[in-house]
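Content type mmCIF, C-alpha atoms and all ligand atoms, from the file run_20.cif:
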data_entry
#
loop_
_atom_site.label_atom_id
_atom_site.label_comp_id
_atom_site.auth_asym_id
_atom_site.auth_seq_id
_atom_site.Cartn_x
_atom_site.Cartn_y
_atom_site.Cartn_z
CA MET K 1 107.78 220.91 153.54
CA SER K 2 109.54 222.42 150.58
CA PHE K 3 109.47 226.02 149.55
CA SER K 4 110.15 225.58 145.92
CA LYS K 5 106.97 223.62 145.53
CA GLY K 6 103.69 224.35 146.67
CA LYS K 7 102.45 224.10 150.12
CA ALA K 8 103.69 227.42 151.30
CA PHE K 9 100.51 229.34 150.85
CA CYS K 10 97.11 228.95 152.26
CA ARG K 11 94.77 227.73 149.67
CA LEU K 12 91.73 229.70 148.74
CA ASP K 13 89.71 226.97 147.15
CA LYS K 14 86.40 228.61 147.19
CA GLN K 15 84.72 229.17 143.93
CA THR K 16 85.52 232.20 141.87
CA PRO K 17 82.95 234.82 142.74
CA GLY K 18 80.79 235.96 139.88
CA TYR K 19 81.22 232.73 138.11
CA ASN K 20 78.50 230.58 139.54
CA SER K 21 75.73 231.09 137.08
CA LYS K 22 75.96 229.60 133.66
CA SER K 23 74.91 232.74 131.87
CA ASP K 24 77.63 235.05 133.11
CA GLU K 25 80.41 232.60 133.82
CA PHE K 26 83.85 233.87 133.00
CA ALA K 27 82.72 237.37 132.29
CA ILE K 28 86.28 238.06 133.27
CA PHE K 29 87.58 236.23 130.25
CA ASP K 30 85.55 238.13 127.73
CA LYS K 31 88.44 240.51 127.38
CA SER K 32 90.70 237.78 126.08
CA LYS K 33 89.81 236.19 122.84
CA ASN K 34 92.93 234.18 122.40
CA ASN K 35 92.63 231.12 124.60
CA VAL K 36 93.30 229.05 121.53
CA MET K 37 95.51 226.37 122.97
CA LEU K 38 98.85 227.20 121.46
CA PHE K 39 102.13 227.08 123.38
CA LYS K 40 102.21 230.86 123.25
CA ASP K 41 98.89 230.97 125.10
CA VAL K 42 100.29 229.00 128.00
CA ILE K 43 101.37 231.48 130.67
CA GLY K 44 105.12 231.23 131.32
CA GLN K 45 106.50 227.67 131.67
CA GLU K 46 109.11 228.36 129.00
CA SER K 47 111.44 225.58 130.09
CA VAL K 48 108.67 222.98 130.00
CA LYS K 49 107.71 224.12 126.50
CA ALA K 50 111.34 223.98 125.36
CA HIS K 51 111.69 220.47 126.75
CA LEU K 52 108.59 219.23 124.91
CA LEU K 53 109.59 220.89 121.64
CA LYS K 54 113.06 219.41 121.90
CA SER K 55 111.67 215.91 122.32
CA VAL K 56 109.66 216.29 119.12
CA LYS K 57 112.60 217.73 117.23
CA GLU K 58 114.75 214.81 118.28
CA GLY K 59 112.07 212.29 117.39
CA ARG K 60 111.67 211.20 120.99
CA VAL K 61 107.93 211.56 121.48
CA GLY K 62 106.98 209.25 124.33
CA HIS K 63 103.97 206.98 124.67
CA SER K 64 102.88 208.40 127.95
CA TYR K 65 103.52 211.63 129.80
CA LEU K 66 102.63 212.71 133.28
CA PHE K 67 102.25 216.48 133.58
CA ALA K 68 102.69 216.93 137.30
CA GLY K 69 101.99 220.28 138.91
CA PRO K 70 99.75 221.97 141.45
CA GLU K 71 96.48 223.67 140.62
CA GLY K 72 96.57 226.79 138.49
CA VAL K 73 99.99 226.35 136.87
CA GLY K 74 98.68 225.46 133.42
CA SER K 75 99.41 221.73 133.10
CA LEU K 76 96.23 221.12 131.14
CA SER K 77 97.00 224.01 128.78
CA LEU K 78 100.47 222.59 128.22
CA ALA K 79 99.08 219.15 127.42
CA ILE K 80 96.56 220.54 124.94
CA ALA K 81 99.15 222.79 123.29
CA PHE K 82 101.50 219.81 123.02
CA ALA K 83 98.74 217.64 121.52
CA ARG K 84 98.00 220.38 119.04
CA TYR K 85 101.67 220.69 118.12
CA LEU K 86 102.05 216.94 117.64
CA ASN K 87 99.13 216.73 115.24
CA CYS K 88 99.66 220.05 113.45
CA LEU K 89 100.22 219.54 109.73
CA ASN K 90 102.39 222.59 109.42
CA SER K 91 104.12 223.02 112.77
CA GLY K 92 106.79 225.66 113.21
CA GLU K 93 109.88 225.76 115.42
CA THR K 94 108.07 226.78 118.57
CA ASP K 95 104.37 226.37 117.99
CA ALA K 96 101.63 224.77 115.96
CA CYS K 97 100.25 226.75 113.04
CA GLU K 98 96.90 228.36 113.49
CA SER K 99 95.34 227.38 110.22
CA CYS K 100 95.78 223.75 109.22
CA SER K 101 92.73 221.48 109.40
CA SER K 102 94.12 219.76 112.47
CA CYS K 103 94.74 223.03 114.32
CA ILE K 104 91.30 224.35 113.52
CA LYS K 105 89.74 221.26 115.09
CA THR K 106 92.05 221.21 118.09
CA ALA K 107 91.34 224.87 118.74
CA LYS K 108 87.69 223.89 119.20
CA LEU K 109 88.63 220.70 121.07
CA VAL K 110 86.84 218.59 118.47
CA HIS K 111 89.82 216.86 116.86
CA PRO K 112 88.73 213.23 116.31
CA ASP K 113 92.13 211.91 117.44
CA ILE K 114 92.47 214.01 120.57
CA HIS K 115 90.37 212.53 123.36
CA PHE K 116 89.68 213.76 126.85
CA VAL K 117 89.04 211.92 130.07
CA PHE K 118 88.14 213.92 133.18
CA PRO K 119 86.26 213.40 136.43
CA VAL K 120 82.50 213.64 136.14
CA VAL K 121 79.60 213.77 138.55
CA LYS K 122 76.98 211.08 138.87
CA LYS K 123 73.43 212.15 138.16
CA GLY K 124 70.66 209.62 138.69
CA SER K 125 71.42 205.93 138.65
CA SER K 126 73.59 205.43 135.57
CA THR K 127 77.35 205.78 135.81
CA PRO K 128 78.60 208.62 133.64
CA VAL K 129 81.71 208.76 131.48
CA SER K 130 83.50 211.83 130.17
CA ASP K 131 81.70 211.72 126.84
CA ASP K 132 78.43 212.42 128.64
CA TYR K 133 79.86 215.81 129.58
CA ILE K 134 82.00 216.51 126.54
CA SER K 135 80.12 219.59 125.32
CA GLU K 136 80.22 221.14 128.81
CA TRP K 137 83.92 220.31 128.96
CA ARG K 138 84.67 221.97 125.64
CA SER K 139 82.96 225.22 126.44
CA PHE K 140 84.41 225.28 129.94
CA VAL K 141 88.02 224.70 128.83
CA LEU K 142 87.72 227.05 125.88
CA ALA K 143 86.38 229.83 128.06
CA ASN K 144 89.35 229.54 130.39
CA PRO K 145 91.82 226.66 130.60
CA TYR K 146 92.92 227.79 134.08
CA PHE K 147 90.40 226.36 136.51
CA SER K 148 90.25 224.22 139.62
CA ALA K 149 88.60 220.85 140.07
CA GLY K 150 86.06 222.51 142.36
CA GLN K 151 85.13 225.01 139.67
CA TRP K 152 84.64 222.24 137.11
CA PHE K 153 82.43 220.22 139.44
CA ALA K 154 80.38 223.29 140.32
CA ASN K 155 79.86 223.84 136.61
CA ILE K 156 78.41 220.38 135.99
CA ALA K 157 76.61 219.69 139.26
CA ASP K 158 74.05 221.73 141.12
CA ASP K 159 75.16 220.85 144.60
CA LYS K 160 78.63 220.53 146.02
CA LYS K 161 79.42 217.12 144.58
CA ALA K 162 82.96 215.96 143.98
CA GLY K 163 83.48 214.12 140.74
CA MET K 164 85.48 211.07 139.85
CA ILE K 165 86.63 209.01 136.91
CA TYR K 166 84.58 205.82 137.07
CA ALA K 167 85.88 202.38 136.12
CA GLU K 168 83.47 202.40 133.15
CA GLU K 169 85.67 205.06 131.60
CA SER K 170 88.41 202.53 130.83
CA LEU K 171 86.15 200.68 128.40
CA SER K 172 85.49 203.92 126.60
CA VAL K 173 89.23 204.61 126.46
CA ILE K 174 89.99 201.15 125.08
CA ARG K 175 87.29 201.52 122.46
CA LYS K 176 88.61 204.88 121.32
CA LEU K 177 92.19 203.69 121.12
CA GLY K 178 91.07 200.65 119.13
CA LEU K 179 89.80 202.92 116.38
CA LYS K 180 92.19 203.71 113.59
CA ASN K 181 93.60 207.22 113.47
CA PHE K 182 91.15 209.41 111.67
CA GLU K 183 93.48 212.07 110.44
CA GLY K 184 96.04 212.89 113.07
CA LYS K 185 99.62 211.75 113.22
CA PHE K 186 99.01 210.73 116.81
CA LYS K 187 96.06 209.45 118.70
CA ILE K 188 96.16 211.39 121.93
CA MET K 189 94.41 210.67 125.20
CA ILE K 190 94.50 213.54 127.68
CA ILE K 191 93.47 212.42 131.15
CA TRP K 192 92.84 215.33 133.49
CA LEU K 193 93.20 214.44 137.18
CA PRO K 194 93.90 210.71 136.86
CA GLU K 195 94.11 210.67 140.67
CA LYS K 196 90.31 210.85 140.66
CA MET K 197 90.21 207.37 139.20
CA ASN K 198 89.49 204.48 141.56
CA GLU K 199 91.81 201.51 141.79
CA THR K 200 89.84 199.26 139.44
CA GLY K 201 89.87 201.99 136.81
CA GLY K 202 93.55 202.63 137.46
CA ASN K 203 94.42 198.99 136.94
CA LYS K 204 92.54 198.84 133.67
CA LEU K 205 94.28 201.98 132.50
CA LEU K 206 97.58 200.46 133.47
CA LYS K 207 97.02 197.57 131.08
CA ILE K 208 96.68 200.03 128.20
CA LEU K 209 99.70 202.01 129.36
CA GLU K 210 101.72 198.81 129.36
CA GLU K 211 100.95 198.04 125.75
CA PRO K 212 99.76 201.20 124.07
CA PRO K 213 98.60 200.91 120.45
CA SER K 214 101.11 202.42 118.04
CA ASN K 215 101.13 206.20 117.57
CA THR K 216 99.21 206.62 120.78
CA VAL K 217 100.27 209.28 123.26
CA PHE K 218 98.84 209.40 126.77
CA MET K 219 99.01 212.69 128.63
CA LEU K 220 98.10 212.37 132.27
CA VAL K 221 97.60 215.76 133.88
CA SER K 222 97.83 215.41 137.64
CA GLU K 223 97.70 217.81 140.57
CA ASN K 224 98.45 215.02 143.00
CA PRO K 225 100.77 212.42 141.43
CA GLY K 226 101.41 210.93 144.86
CA ALA K 227 97.90 209.50 144.75
CA LEU K 228 98.56 207.55 141.54
CA LEU K 229 99.47 203.88 141.47
CA GLY K 230 103.23 203.45 141.55
CA THR K 231 102.96 201.27 138.48
CA ILE K 232 101.30 204.09 136.56
CA LEU K 233 104.03 206.50 137.65
CA SER K 234 106.70 204.14 136.44
CA ARG K 235 105.10 203.83 133.01
CA THR K 236 104.95 207.54 132.38
CA GLN K 237 107.52 210.13 131.54
CA ARG K 238 107.17 212.81 134.19
CA ILE K 239 107.04 216.46 133.18
CA GLU K 240 107.32 218.63 136.28
CA VAL K 241 105.21 221.77 135.93
CA PRO K 242 106.34 224.39 138.47
CA PHE K 243 104.53 227.49 139.70
CA ILE K 244 104.19 230.16 137.04
CA GLU K 245 107.00 232.71 137.23
CA VAL K 246 105.83 235.97 138.80
CA SER K 247 107.08 237.93 135.79
CA ALA K 248 104.98 235.86 133.37
CA LEU K 249 101.92 236.16 135.57
CA THR K 250 102.46 239.91 135.85
CA LYS K 251 102.74 240.21 132.09
CA VAL K 252 99.49 238.38 131.43
CA LEU K 253 97.66 240.42 134.06
CA GLN K 254 98.90 243.61 132.43
CA GLU K 255 98.22 242.61 128.86
CA LYS K 256 95.01 240.64 129.13
CA TYR K 257 93.43 242.20 132.16
CA GLU K 258 94.66 245.73 131.68
CA LEU K 259 96.10 246.13 135.15
CA GLY K 260 98.73 248.76 135.81
CA THR K 261 102.30 247.56 136.37
CA GLU K 262 102.27 247.87 140.14
CA GLN K 263 98.84 246.36 140.58
CA ALA K 264 99.69 243.47 138.27
CA GLU K 265 102.93 242.79 140.14
CA ALA K 266 101.22 242.86 143.51
CA LEU K 267 98.48 240.53 142.37
CA ALA K 268 100.93 238.15 140.71
CA ARG K 269 103.00 237.96 143.87
CA LEU K 270 99.96 237.39 146.01
CA SER K 271 98.86 234.55 143.78
CA ASN K 272 102.02 232.50 144.24
CA GLY K 273 102.33 231.36 140.65
CA ASN K 274 98.77 230.08 140.51
CA MET K 275 96.62 231.56 137.73
CA VAL K 276 93.39 230.22 139.21
CA LYS K 277 94.17 232.13 142.36
CA ALA K 278 95.19 235.24 140.44
CA LEU K 279 91.81 235.31 138.72
CA ASP K 280 90.09 234.66 142.00
CA ASN K 281 91.91 237.57 143.63
CA LEU K 282 91.31 239.78 140.64
CA ASP K 283 87.63 239.05 140.73
CA SER K 284 87.26 239.53 144.46
CA GLY K 285 88.66 243.04 144.03
CA VAL K 286 90.26 243.03 147.47
CA ASP K 287 92.38 246.09 148.11
CA LYS K 288 95.89 244.91 148.90
CA SER K 289 97.53 248.27 149.27
CA GLY K 290 97.66 248.15 153.07
CA TYR K 291 99.11 244.65 153.35
CA LEU K 292 102.77 245.66 153.60
CA ASP K 293 102.01 248.01 156.45
CA LEU K 294 100.02 245.33 158.30
CA PHE K 295 102.80 242.81 157.75
CA VAL K 296 105.50 245.17 159.02
CA ARG K 297 103.42 246.00 162.10
CA ILE K 298 102.80 242.42 163.15
CA MET K 299 106.40 241.39 162.55
CA ARG K 300 107.67 244.30 164.65
CA ALA K 301 105.15 243.69 167.42
CA THR K 302 105.88 239.96 167.69
CA TYR K 303 109.64 240.43 167.36
CA SER K 304 109.77 243.03 170.11
CA ARG K 305 107.16 241.18 172.18
CA LYS K 306 104.93 244.22 172.49
CA ILE K 307 101.64 242.78 173.57
CA PHE K 308 99.68 246.04 173.32
CA GLU K 309 100.82 246.54 169.74
CA ILE K 310 99.68 243.00 168.97
CA VAL K 311 96.26 243.75 170.45
CA ASP K 312 96.03 246.95 168.39
CA TRP K 313 96.95 245.05 165.28
CA VAL K 314 94.34 242.36 165.94
CA ASP K 315 91.74 245.11 166.49
CA ASP K 316 92.58 246.57 163.10
CA VAL K 317 92.69 243.33 161.15
CA SER K 318 89.84 241.29 162.63
CA PRO K 319 87.01 243.51 161.29
CA MET K 320 88.24 242.96 157.72
CA SER K 321 86.28 240.49 155.57
CA ARG K 322 87.29 236.84 155.79
CA ASP K 323 88.45 236.91 152.18
CA ASN K 324 90.57 239.92 152.86
CA ILE K 325 92.14 238.39 155.98
CA ARG K 326 92.95 235.18 154.14
CA ASN K 327 94.48 237.14 151.29
CA PHE K 328 96.55 239.06 153.78
CA LEU K 329 97.75 235.87 155.46
CA THR K 330 98.73 234.48 152.06
CA TYR K 331 100.60 237.68 151.38
CA ALA K 332 102.39 237.37 154.73
CA ILE K 333 103.46 233.81 153.89
CA GLY K 334 104.87 235.07 150.59
CA MET K 335 106.79 237.85 152.35
CA LEU K 336 108.28 235.45 154.89
CA ARG K 337 109.31 233.10 152.13
CA ASP K 338 110.92 235.92 150.16
CA SER K 339 112.75 237.11 153.26
CA PHE K 340 114.16 233.63 153.72
CA ILE K 341 115.20 233.38 150.07
CA PHE K 342 116.82 236.80 150.30
CA ASN K 343 119.36 235.29 152.70
CA PHE K 344 120.75 233.18 149.90
CA LYS K 345 121.36 236.20 147.75
CA GLN K 346 119.02 235.00 145.10
CA PRO K 347 117.45 238.28 144.12
CA GLU K 348 116.06 236.73 140.95
CA LEU K 349 113.67 234.72 143.10
CA VAL K 350 112.39 237.79 144.83
CA PHE K 351 109.97 239.98 143.02
CA LEU K 352 109.02 242.83 145.27
CA SER K 353 107.92 246.41 145.15
CA ALA K 354 110.48 248.99 146.33
CA GLY K 355 108.84 249.25 149.76
CA GLU K 356 108.70 245.48 150.19
CA LYS K 357 112.28 245.03 149.08
CA ASP K 358 113.43 247.60 151.57
CA PHE K 359 111.68 245.84 154.42
CA VAL K 360 112.72 242.34 153.33
CA SER K 361 116.39 243.33 153.09
CA ARG K 362 116.35 244.48 156.72
CA PHE K 363 114.09 241.72 157.96
CA SER K 364 115.70 238.70 156.28
CA PRO K 365 118.50 238.18 158.89
CA PHE K 366 115.81 237.25 161.42
CA ILE K 367 114.38 234.45 159.30
CA ASN K 368 115.90 231.01 158.99
CA ASN K 369 114.60 227.68 157.77
CA ASP K 370 113.40 226.64 161.21
CA ASN K 371 111.37 229.70 162.19
CA LEU K 372 110.10 230.10 158.64
CA LEU K 373 108.50 226.66 158.77
CA ARG K 374 106.97 227.33 162.16
CA MET K 375 105.61 230.74 161.21
CA VAL K 376 104.18 229.54 157.93
CA GLU K 377 102.51 226.72 159.81
CA GLU K 378 100.83 229.22 162.15
CA LEU K 379 99.72 231.42 159.27
CA GLU K 380 98.33 228.45 157.36
CA LEU K 381 96.49 227.27 160.43
CA ALA K 382 94.96 230.70 160.97
CA CYS K 383 93.96 230.81 157.33
CA ALA K 384 92.22 227.45 157.57
CA GLN K 385 90.44 228.41 160.77
CA ILE K 386 89.22 231.68 159.28
CA GLU K 387 87.91 229.72 156.34
CA GLN K 388 85.98 227.52 158.76
CA ASN K 389 84.27 230.63 160.09
CA GLY K 390 86.16 230.75 163.36
CA ASN K 391 86.29 233.95 165.41
CA SER K 392 88.83 236.15 163.59
CA LYS K 393 89.86 238.05 166.68
CA ILE K 394 90.70 234.94 168.67
CA ILE K 395 92.40 233.22 165.75
CA LEU K 396 94.61 236.20 164.89
CA PHE K 397 95.55 236.89 168.47
CA ASP K 398 96.39 233.25 169.04
CA MET K 399 98.50 233.19 165.88
CA ALA K 400 100.41 236.34 166.79
CA ILE K 401 101.11 235.19 170.34
CA LYS K 402 102.52 231.90 169.08
CA MET K 403 104.83 233.80 166.76
CA VAL K 404 106.36 235.79 169.61
CA GLY K 405 109.72 234.27 170.40
CA MET K 406 110.09 232.55 167.05
CA PHE K 407 112.58 235.07 165.72
CA LYS K 408 116.27 234.45 165.41
CA GLN K 409 117.79 236.87 167.89
ZN ZN K 501 98.44 223.42 112.37
#
Let me see whether you can do it: turn the structure in this file into structure tokens.
Amino acid sequence: MSFSKGKAFCRLDKQTPGYNSKSDEFAIFDKSKNNVMLFKDVIGQESVKAHLLKSVKEGRVGHSYLFAGPEGVGSLSLAIAFARYLNCLNSGETDACESCSSCIKTAKLVHPDIHFVFPVVKKGSSTPVSDDYISEWRSFVLANPYFSAGQWFANIADDKKAGMIYAEESLSVIRKLGLKNFEGKFKIMIIWLPEKMNETGGNKLLKILEEPPSNTVFMLVSENPGALLGTILSRTQRIEVPFIEVSALTKVLQEKYELGTEQAEALARLSNGNMVKALDNLDSGVDKSGYLDLFVRIMRATYSRKIFEIVDWVDDVSPMSRDNIRNFLTYAIGMLRDSFIFNFKQPELVFLSAGEKDFVSRFSPFINNDNLLRMVEELELACAQIEQNGNSKIILFDMAIKMVGMFKQ
């Protein structure tokens, strides 16, 4: 398990509350009117943007890219902004213009040379392709380009169906690429979640990737590149999309969502560089102000093996809502990770409030790679069990007891 990438937080994959009915979906985004698919609208990710811009400047635009990053980091936004930049008729140094005919169409996701493939849900007997859902896709992405697969499926299906990219999609892709360019410099095919394609579909896609028509650019946007055929991986230029920097997330929460500095920082930290999660947390309105105190208490109690203090702590935490407990556990994972990082004197990686910094600086000597992994594992397990509606009291007590004795003495 690596701590620079991903797994070190428990995932809160449930749907964003308040977003389940079509009429009031994304009420949260009404405040922001500028999700217009420019590089500047992509949260953070400055080095990825610079890399893409450099490749254009140097005339090295590839035939196929793989934007690889976990949920909520903005890979899809990056791909769309890049597509827009490539086809902009008046592009600047760092971004597309906002007014050429190409930009106007891309901003509405209706550019005739920018195509989308994404997983869809079967309804009835016929096998759907992306085009069957294109109007839903456009309004969904335009409302908020930071969403999870689960949120997209919930938007297009009534029950909890998981979608996929069916083999029939490849024919549609081939047909579109066979058309001459309408007006763009590039014909662009953005495939969101190619890992949702079955093997037959993947093999057909591979044939096109092997011999792409001229001026065609594929942009595969994957949250799980490990699930792609090795042959597809080897045909694409991989663009690693890391977690969003806490400072960039904080900034967007302050500016677009009007949070105060401290609140924005706390939420950004809790969200572990994942904008989908940040919005989820923002919407759930959970009060995080007591988390540091709870974290300090459980660390002290387990370190000093004080069983009665552990019991007290469990009594205080277990009545909290499941959402709140899971958020707290995620917070605790973040604090442990920061304490570990602190040991390497990399303060730039640690973004903490004054109180948190004070605790972490004293606590970090007790955390090493080995006990970090074991503790995070226990916290993740507890998080998953809480999600499955287990008994909070038993789960938390069990977790705390297992953590006793894990500290570096
Ligand atoms: Zn333009």
Q: Set the cut-off to 9 Å, count all atoms listed in the file, and list whatever residues fall near ligand ZN 501 (chain K) as a PyMOL selection string.
A: chain K and resi 84-85+87-92+95-104+106
Q: Please provide the set of residues having any atom within 7 Å of Phe407 in chain K, restricted to all atoms listed in the file, with same-chain residues fewer than 2 positions apart removed, written as a ChimeraX atom specification.
A: /K:303,366-367,371,405,409
**Q.** Close residues, range 116-129 of chain K itself excluded, 8 Å, all atoms listed in the file, min 4 positions apart in chain, as a list of chain:residue names
**A.** K:Tyr133, K:Phe153, K:Ile156, K:Ala157, K:Lys161, K:Ala162, K:Gly163, K:Met164, K:Ile165, K:Tyr166, K:Glu168, K:Glu169, K:Ser172, K:Met189, K:Ile190, K:Ile191, K:Trp192, K:Leu193, K:Pro194, K:Lys196, K:Met197
Against range 255-271 of chain K, which residues of range 60-154 of chain K fall within 12 Å? For each one I want the closest pair of atoms and the distance in Å (one decimal), counting only C-alpha atoms, rows by chain and increasing residue number, as JSON lines.
{"residue": "K:Glu71", "atom": "CA", "partner": "K:Ser271", "partner_atom": "CA", "distance": 11.6}
{"residue": "K:Gly72", "atom": "CA", "partner": "K:Ser271", "partner_atom": "CA", "distance": 9.7}
{"residue": "K:Val73", "atom": "CA", "partner": "K:Ser271", "partner_atom": "CA", "distance": 10.8}
Q. Between CA of Thr236 in chain K and CA of Phe186 in chain K, what is the distance, to one decimal in Å?
A.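 Those two atoms sit 17.0 Å apart.
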Q) Hey, what's within 8 Å of range 211-217 of chain K if we count all atoms listed in the file and toss same-chain stuff fewer than 6 positions away? As a ChimeraX atom specification, please? A) /K:62-65,177-178,185-189
Written file, previous selection with C-alpha atoms, as a PDB file, in the coordinates of the input:
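Saved as result.pdb:
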ATOM      1  CA  GLY K  62     106.980 209.250 124.330  1.00  0.00           C
ATOM      2  CA  HIS K  63     103.970 206.980 124.670  1.00  0.00           C
ATOM      3  CA  SER K  64     102.880 208.400 127.950  1.00  0.00           C
ATOM      4  CA  TYR K  65     103.520 211.630 129.800  1.00  0.00           C
ATOM      5  CA  LEU K 177      92.190 203.690 121.120  1.00  0.00           C
ATOM      6  CA  GLY K 178      91.070 200.650 119.130  1.00  0.00           C
ATOM      7  CA  LYS K 185      99.620 211.750 113.220  1.00  0.00           C
ATOM      8  CA  PHE K 186      99.010 210.730 116.810  1.00  0.00           C
ATOM      9  CA  LYS K 187      96.060 209.450 118.700  1.00  0.00           C
ATOM     10  CA  ILE K 188      96.160 211.390 121.930  1.00  0.00           C
ATOM     11  CA  MET K 189      94.410 210.670 125.200  1.00  0.00           C
TER      12      MET K 189
END
Q. What does the distance from CA of Phe67 in chain K to CA of Leu233 in chain K come to in Å, to one decimal?
A.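 These atoms are spaced 10.9 Å apart.
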Q: Using all atoms listed in the file, determine which residues lie at most 6 Å from range 333-345 of chain K, disregarding the query and same-chain residues fewer than 5 positions distant; provide the list as a ChimeraX atom specification.
A: /K:350,360,364,367,376
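The space between CA of Phe218 in chain K and CA of Lys277 in chain K spans 28.0 Å.
With distances restricted to all atoms listed in the file, K:Ala382 is the closest residue to Arg322 in chain K from K:Ala382, K:Met275, K:Val173, K:Ala301.
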Q.
Given only C-alpha atoms as the basis, pick out the residue of K:Ile43, K:Arg374, K:Phe140, K:Tyr146 nearest to Ile244 in chain K.
A. K:Ile43
Q. Near Leu76 in chain K, counting only C-alpha atoms, which residues have an atom at most 7 Å away, once you skip same-chain residues fewer than 3 positions from it, shown as an NGL selection string?
A. :K and (79-80 or 221)
Q) Given the choices K:Leu109, K:Ile232, K:Val241, K:Leu220, which gets closest to Lys49 in chain K if the distance is worked out from only C-alpha atoms? A)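 Nearest to Lys49 in chain K: K:Val241.
Proximity of K:Leu38, K:Val314, K:Ala68, K:Ile208 to Thr94 in chain K, computed with all atoms listed in the file, is greatest for K:Leu38.
Closest approach to Arg238 in chain K from the set K:Leu52, K:Leu66, K:Glu195, K:Val110 is made by K:Leu66, with distances taken over all atoms listed in the file.
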Your completed range 63-78 of chain K with N, CA and C atoms, as a tab-separated table (two decimals), in the frame of the given file:
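Writing done, so here's part15.tsv:
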chain	number	residue	atom	x	y	z
K	63	HIS	N	105.31	207.56	124.72
K	63	HIS	CA	103.97	206.98	124.67
K	63	HIS	C	103.07	207.52	125.76
K	64	SER	N	103.71	207.90	126.86
K	64	SER	CA	102.88	208.40	127.95
K	64	SER	C	103.62	209.42	128.80
K	65	TYR	N	102.96	210.52	129.01
K	65	TYR	CA	103.52	211.63	129.80
K	65	TYR	C	102.68	211.83	131.04
K	66	LEU	N	103.35	212.28	132.09
K	66	LEU	CA	102.63	212.71	133.28
K	66	LEU	C	102.99	214.17	133.52
K	67	PHE	N	102.04	215.06	133.26
K	67	PHE	CA	102.25	216.48	133.58
K	67	PHE	C	101.88	216.65	135.05
K	68	ALA	N	102.91	216.89	135.86
K	68	ALA	CA	102.69	216.93	137.30
K	68	ALA	C	102.91	218.33	137.84
K	69	GLY	N	101.86	218.93	138.35
K	69	GLY	CA	101.99	220.28	138.91
K	69	GLY	C	100.76	220.65	139.69
K	70	PRO	N	100.91	221.58	140.63
K	70	PRO	CA	99.75	221.97	141.45
K	70	PRO	C	98.70	222.72	140.64
K	71	GLU	N	97.58	222.95	141.27
K	71	GLU	CA	96.48	223.67	140.62
K	71	GLU	C	96.93	225.04	140.10
K	72	GLY	N	96.39	225.42	138.95
K	72	GLY	CA	96.57	226.79	138.49
K	72	GLY	C	97.87	227.09	137.77
K	73	VAL	N	98.70	226.08	137.51
K	73	VAL	CA	99.99	226.35	136.87
K	73	VAL	C	99.93	226.14	135.35
K	74	GLY	N	98.84	225.57	134.87
K	74	GLY	CA	98.68	225.46	133.42
K	74	GLY	C	99.05	224.11	132.83
K	75	SER	N	99.05	223.05	133.62
K	75	SER	CA	99.41	221.73	133.10
K	75	SER	C	98.47	221.28	131.98
K	76	LEU	N	97.19	221.54	132.17
K	76	LEU	CA	96.23	221.12	131.14
K	76	LEU	C	96.46	221.90	129.84
K	77	SER	N	96.71	223.19	129.97
K	77	SER	CA	97.00	224.01	128.78
K	77	SER	C	98.23	223.50	128.06
K	78	LEU	N	99.24	223.12	128.83
K	78	LEU	CA	100.47	222.59	128.22
K	78	LEU	C	100.18	221.30	127.46
